[in-house]
Amino acid sequence: MIFGASLLGLAALSPLASALATPRATLCNGNSAALCSRTYDNVTYIGAHDSYAVDSSSLDLSADQGVSITNQLNLGVRILQSQAHMSGSTLELCHTSCLLYDGGSLQSYLTTVKSWLDANPNEVLTLLITNGDAISISQYWVPAFTNAGVIKYTYVPPSSTSGKTGWPTLGQMIDAGTRLVVFMDYNTDTSAAPYILPEFNYIWETPYDVTDSTFPCSVDRGTSSSMLMINHFLDKSVLGVDIPYRSAAATTNGQASILANAYGCTSLNGGKAPTFVLLDFVDKGAAIAAGNHLNGLS
């Protein structure tokens, strides 16, 4: 088993979690008792790349997922990745440009997430959001989070927390009710929204938009002292344009491919499995089984 479970000292926890001398949660993230005593950074989470870009039709070349956000979560996805751009005066989830794909407003997306968290009280969920346009956190992001009612679930780590140290256990996060971790790649503003964490303070990523199905491992963004996210979604080049390789998803998302990528990165990750595995078309293949294997649950 790659991971070793460890409990944090009370000093490393948020004030609310510090009050919990013994975690009460007995089933965590997929009805697993074993994960309750694991620290957040010491679990592998299967994720949906461009989770909002949904279309079941193979003719839609801009879609990266085939089932809804709620269905992704019900399948076992525990990290949702998205990107946002302005469409008029509204912050929308769009694929590069809202003219190419518009997945609806960020507020609507967060409302869906909040509803799922309401209905699933023993689950820890992560959001990873791209803000490449440097859209104002205070003017647009904070209102969306506030109006969706999801801030109450967010986890704000103490300043001593780094990529692989200082995180509470899943059981402690669930007991405290702070079971939504939100990362943003660039242009954060923690003074306006302390619950939106600068991704590369905590995470390093492998290359994305990969067309090589062997997924050679290297550090693309961040530093290898942080939690590892492998971008395990395969593109194919059509007339010089990379598009999601939907027809290969069952193989790409199979256990053999995911585990080969994960094990291929262990030398850069201190011998540990990745914390996050991002996939296209999460309803294809055997991603959840691969995640269970990496978590030592099978």
# chains A, B, ... in the order shown; residues from 1 in each chain; ligands from 1

$ closest_atom_pairs --of "stretch 219-272 of chain A" --to "stretch 204-215 of chain A" --cutoff "8 Å" --atoms "only C-alpha atoms" --output "tab-separated table"
residue	atom	partner	partner_atom	distance
A:Val219	CA	A:Thr206	CA	5.2
A:Asp220	CA	A:Thr206	CA	5.0
A:Arg221	CA	A:Glu205	CA	5.3
A:Gly222	CA	A:Trp204	CA	4.1
A:Thr223	CA	A:Trp204	CA	5.4
A:Ser224	CA	A:Trp204	CA	5.9
A:Ser225	CA	A:Trp204	CA	7.9
A:Ser226	CA	A:Trp204	CA	5.8
A:Met227	CA	A:Trp204	CA	6.1
A:Leu228	CA	A:Trp204	CA	5.1
A:Met229	CA	A:Glu205	CA	4.8
A:Ile230	CA	A:Thr206	CA	5.2
A:Asn231	CA	A:Tyr208	CA	5.5
A:His232	CA	A:Phe215	CA	7.3
A:Phe233	CA	A:Val210	CA	7.1
A:Leu234	CA	A:Val210	CA	5.6
A:Asp235	CA	A:Thr211	CA	5.0
A:Lys236	CA	A:Thr211	CA	5.5
A:Ser237	CA	A:Thr211	CA	7.3
A:Asp242	CA	A:Asp209	CA	7.2
A:Thr252	CA	A:Ser213	CA	7.3
A:Ser257	CA	A:Thr214	CA	7.6
A:Asn261	CA	A:Phe215	CA	6.2

$ closest_atom_pairs --of "stretch 274-294 of chain A" --to "stretch 118-136 of chain A" --cutoff "12 Å" --atoms "only C-alpha atoms" --output "CSV"
residue,atom,partner,partner_atom,distance
A:Thr275,CA,A:Thr126,CA,11.1
A:Phe276,CA,A:Thr126,CA,9.6
A:Val277,CA,A:Thr126,CA,11.9
A:Leu278,CA,A:Leu128,CA,10.4

$ residues_around --residues "stretch 27-44 of chain A" --least-positions-apart "5" --cutoff "7 Å" --atoms "only C-alpha atoms" --output "PyMOL selection string"
chain A and resi 3+5-7+76+122-124+164+167-171+227+274-276+291+294-295

$ residues_around --residues "A:Thr154" --least-positions-apart "6" --cutoff "7 Å" --atoms "only C-alpha atoms" --output "list in words"
Thr178, Arg179, Leu180, Val181 and Tyr195 of chain A

$ select_by_dssp --residues "stretch 94-185 of chain A" --states "strand (DSSP E)" --output "PyMOL selection string"
chain A and resi 94-95+97-105+125-130+180-184

$ atom_distance --atom1 "atom CA of A:Ala262" --atom2 "atom CA of A:Ile203"
15.2 Å

$ select_by_dssp --residues "stretch 29-143 of chain A" --states "helix (DSSP H, G or I)" --output "VMD selection string"
chain A and resid 34 to 37 40 to 42 69 to 75 106 to 119 137 to 143

$ atom_distance --atom1 "atom CA of A:Ile46" --atom2 "atom CA of A:Val77"
5.1 Å

$ closest_residue --among "A:Gly166, A:Tyr153, A:Asp50, A:Pro216" --to "A:Tyr263" --atoms "only C-alpha atoms"
A:Pro216

$ closest_residue --among "A:Ile137, A:Ala273, A:Leu239, A:Ala287" --to "A:Thr188" --atoms "only C-alpha atoms"
A:Ile137

$ residues_around --residues "A:Ser247" --least-positions-apart "5" --cutoff "10 Å" --atoms "only C-alpha atoms" --output "tab-separated table (two decimals) with N, CA and C atoms, in the first residue's frame"
chain	number	residue	atom	x	y	z
A	58	SER	N	-20.66	12.69	-29.17
A	58	SER	CA	-19.26	12.68	-29.62
A	58	SER	C	-19.00	13.74	-30.67
A	252	THR	N	-7.83	5.06	-21.64
A	252	THR	CA	-7.09	6.06	-20.86
A	252	THR	C	-7.49	6.00	-19.40
A	281	PHE	N	-14.06	12.49	-19.36
A	281	PHE	CA	-15.04	11.42	-19.55
A	281	PHE	C	-14.96	10.38	-18.42
A	284	LYS	N	-16.29	6.75	-18.23
A	284	LYS	CA	-15.69	5.67	-19.03
A	284	LYS	C	-14.50	5.08	-18.28

$ atom_distance --atom1 "atom CA of A:Ser51" --atom2 "atom CA of A:Thr111"
14.4 Å

$ residues_around --residues "stretch 97-99 of chain A" --least-positions-apart "4" --cutoff "10 Å" --atoms "only C-alpha atoms" --output "list of chain:residue names"
A:Gln83, A:Ala84, A:His85, A:Met86, A:Ser87, A:Glu92, A:Leu93, A:Gly103, A:Gly104

$ write_last_selection --atoms "N, CA, C and O atoms" --output "short mmCIF file (atom, residue, chain, number, x, y, z; two decimals), in the first residue's frame"
data_model
loop_
_atom_site.label_atom_id
_atom_site.label_comp_id
_atom_site.auth_asym_id
_atom_site.auth_seq_id
_atom_site.Cartn_x
_atom_site.Cartn_y
_atom_site.Cartn_z
N GLN A 83 -12.96 26.19 -15.35
CA GLN A 83 -12.35 27.48 -15.68
C GLN A 83 -13.45 28.48 -15.96
O GLN A 83 -14.53 28.13 -16.43
N ALA A 84 -13.18 29.74 -15.61
CA ALA A 84 -14.23 30.76 -15.69
C ALA A 84 -13.77 31.96 -16.50
O ALA A 84 -12.59 32.33 -16.49
N HIS A 85 -14.72 32.55 -17.22
CA HIS A 85 -14.49 33.75 -18.02
C HIS A 85 -15.73 34.63 -17.91
O HIS A 85 -16.81 34.14 -17.57
N MET A 86 -15.58 35.89 -18.19
CA MET A 86 -16.73 36.79 -18.17
C MET A 86 -17.52 36.65 -19.46
O MET A 86 -16.96 36.57 -20.55
N SER A 87 -18.83 36.59 -19.31
CA SER A 87 -19.74 36.65 -20.44
C SER A 87 -20.71 37.79 -20.14
O SER A 87 -21.63 37.64 -19.33
N GLU A 92 -19.00 33.14 -16.02
CA GLU A 92 -19.50 31.89 -16.60
C GLU A 92 -18.37 30.85 -16.67
O GLU A 92 -17.19 31.20 -16.79
N LEU A 93 -18.76 29.58 -16.63
CA LEU A 93 -17.80 28.48 -16.80
C LEU A 93 -17.71 28.16 -18.28
O LEU A 93 -18.63 27.61 -18.86
N GLY A 103 -20.76 26.75 -20.04
CA GLY A 103 -21.35 25.77 -19.13
C GLY A 103 -22.23 26.36 -18.06
O GLY A 103 -22.56 25.67 -17.09
N GLY A 104 -22.64 27.63 -18.23
CA GLY A 104 -23.51 28.26 -17.25
C GLY A 104 -22.72 29.05 -16.24
O GLY A 104 -21.50 29.10 -16.24
#

$ decode --residues "stretch 175-200 of chain A" --atoms "N, CA, C and O atoms" --output "short mmCIF file (atom, residue, chain, number, x, y, z; two decimals), in the first residue's frame"
data_model
loop_
_atom_site.label_atom_id
_atom_site.label_comp_id
_atom_site.auth_asym_id
_atom_site.auth_seq_id
_atom_site.Cartn_x
_atom_site.Cartn_y
_atom_site.Cartn_z
N ASP A 175 -16.25 16.09 10.57
CA ASP A 175 -16.80 16.43 11.87
C ASP A 175 -16.95 17.94 12.03
O ASP A 175 -17.93 18.42 12.63
N ALA A 176 -16.00 18.70 11.50
CA ALA A 176 -16.03 20.16 11.63
C ALA A 176 -16.96 20.82 10.62
O ALA A 176 -17.27 22.01 10.75
N GLY A 177 -17.41 20.05 9.62
CA GLY A 177 -18.27 20.62 8.57
C GLY A 177 -17.53 21.43 7.54
O GLY A 177 -18.15 22.02 6.67
N THR A 178 -16.19 21.45 7.61
CA THR A 178 -15.38 22.19 6.64
C THR A 178 -14.75 21.19 5.68
O THR A 178 -13.58 20.84 5.79
N ARG A 179 -15.54 20.76 4.73
CA ARG A 179 -15.16 19.64 3.89
C ARG A 179 -15.15 19.97 2.40
O ARG A 179 -15.27 19.09 1.56
N LEU A 180 -14.98 21.26 2.10
CA LEU A 180 -14.81 21.71 0.72
C LEU A 180 -13.51 22.50 0.64
O LEU A 180 -13.36 23.54 1.28
N VAL A 181 -12.56 22.00 -0.14
CA VAL A 181 -11.27 22.67 -0.33
C VAL A 181 -11.28 23.28 -1.72
O VAL A 181 -11.56 22.59 -2.70
N VAL A 182 -10.97 24.57 -1.81
CA VAL A 182 -11.04 25.29 -3.08
C VAL A 182 -9.66 25.83 -3.43
O VAL A 182 -9.06 26.57 -2.64
N PHE A 183 -9.16 25.44 -4.60
CA PHE A 183 -7.90 25.95 -5.12
C PHE A 183 -8.16 26.76 -6.39
O PHE A 183 -9.09 26.47 -7.15
N MET A 184 -7.32 27.76 -6.62
CA MET A 184 -7.35 28.53 -7.87
C MET A 184 -5.93 28.63 -8.40
O MET A 184 -4.99 28.85 -7.63
N ASP A 185 -5.79 28.47 -9.71
CA ASP A 185 -4.43 28.41 -10.25
C ASP A 185 -3.68 29.74 -10.17
O ASP A 185 -2.54 29.80 -9.71
N TYR A 186 -4.30 30.81 -10.62
CA TYR A 186 -3.62 32.10 -10.65
C TYR A 186 -4.59 33.21 -10.22
O TYR A 186 -5.80 33.05 -10.28
N ASN A 187 -4.01 34.33 -9.82
CA ASN A 187 -4.78 35.56 -9.56
C ASN A 187 -5.75 35.41 -8.41
O ASN A 187 -6.90 35.85 -8.48
N THR A 188 -5.30 34.77 -7.32
CA THR A 188 -6.11 34.68 -6.12
C THR A 188 -6.00 35.98 -5.31
O THR A 188 -5.15 36.83 -5.57
N ASP A 189 -6.86 36.10 -4.33
CA ASP A 189 -6.82 37.24 -3.41
C ASP A 189 -7.32 36.73 -2.07
O ASP A 189 -8.51 36.78 -1.76
N THR A 190 -6.40 36.22 -1.25
CA THR A 190 -6.80 35.59 0.01
C THR A 190 -7.28 36.61 1.04
O THR A 190 -7.92 36.22 2.02
N SER A 191 -7.01 37.88 0.82
CA SER A 191 -7.56 38.89 1.74
C SER A 191 -9.07 39.05 1.51
O SER A 191 -9.82 39.31 2.45
N ALA A 192 -9.50 38.88 0.27
CA ALA A 192 -10.92 38.98 -0.06
C ALA A 192 -11.63 37.64 0.13
O ALA A 192 -12.81 37.60 0.50
N ALA A 193 -10.94 36.54 -0.16
CA ALA A 193 -11.53 35.20 -0.07
C ALA A 193 -10.48 34.23 0.46
O ALA A 193 -9.80 33.56 -0.32
N PRO A 194 -10.31 34.15 1.76
CA PRO A 194 -9.29 33.25 2.32
C PRO A 194 -9.54 31.78 2.03
O PRO A 194 -8.63 30.96 2.14
N TYR A 195 -10.76 31.46 1.62
CA TYR A 195 -11.12 30.07 1.32
C TYR A 195 -10.77 29.67 -0.11
O TYR A 195 -10.92 28.51 -0.48
N ILE A 196 -10.30 30.61 -0.94
CA ILE A 196 -9.82 30.27 -2.29
C ILE A 196 -8.30 30.25 -2.22
O ILE A 196 -7.64 31.29 -2.16
N LEU A 197 -7.72 29.06 -2.23
CA LEU A 197 -6.31 28.88 -1.94
C LEU A 197 -5.47 28.93 -3.22
O LEU A 197 -5.88 28.39 -4.25
N PRO A 198 -4.30 29.55 -3.17
CA PRO A 198 -3.40 29.57 -4.34
C PRO A 198 -2.90 28.15 -4.63
O PRO A 198 -2.20 27.55 -3.81
N GLU A 199 -3.29 27.63 -5.76
CA GLU A 199 -3.01 26.22 -6.06
C GLU A 199 -1.55 25.84 -5.88
O GLU A 199 -1.23 24.84 -5.23
N PHE A 200 -0.65 26.62 -6.44
CA PHE A 200 0.74 26.18 -6.51
C PHE A 200 1.51 26.43 -5.22
O PHE A 200 2.71 26.13 -5.16
#
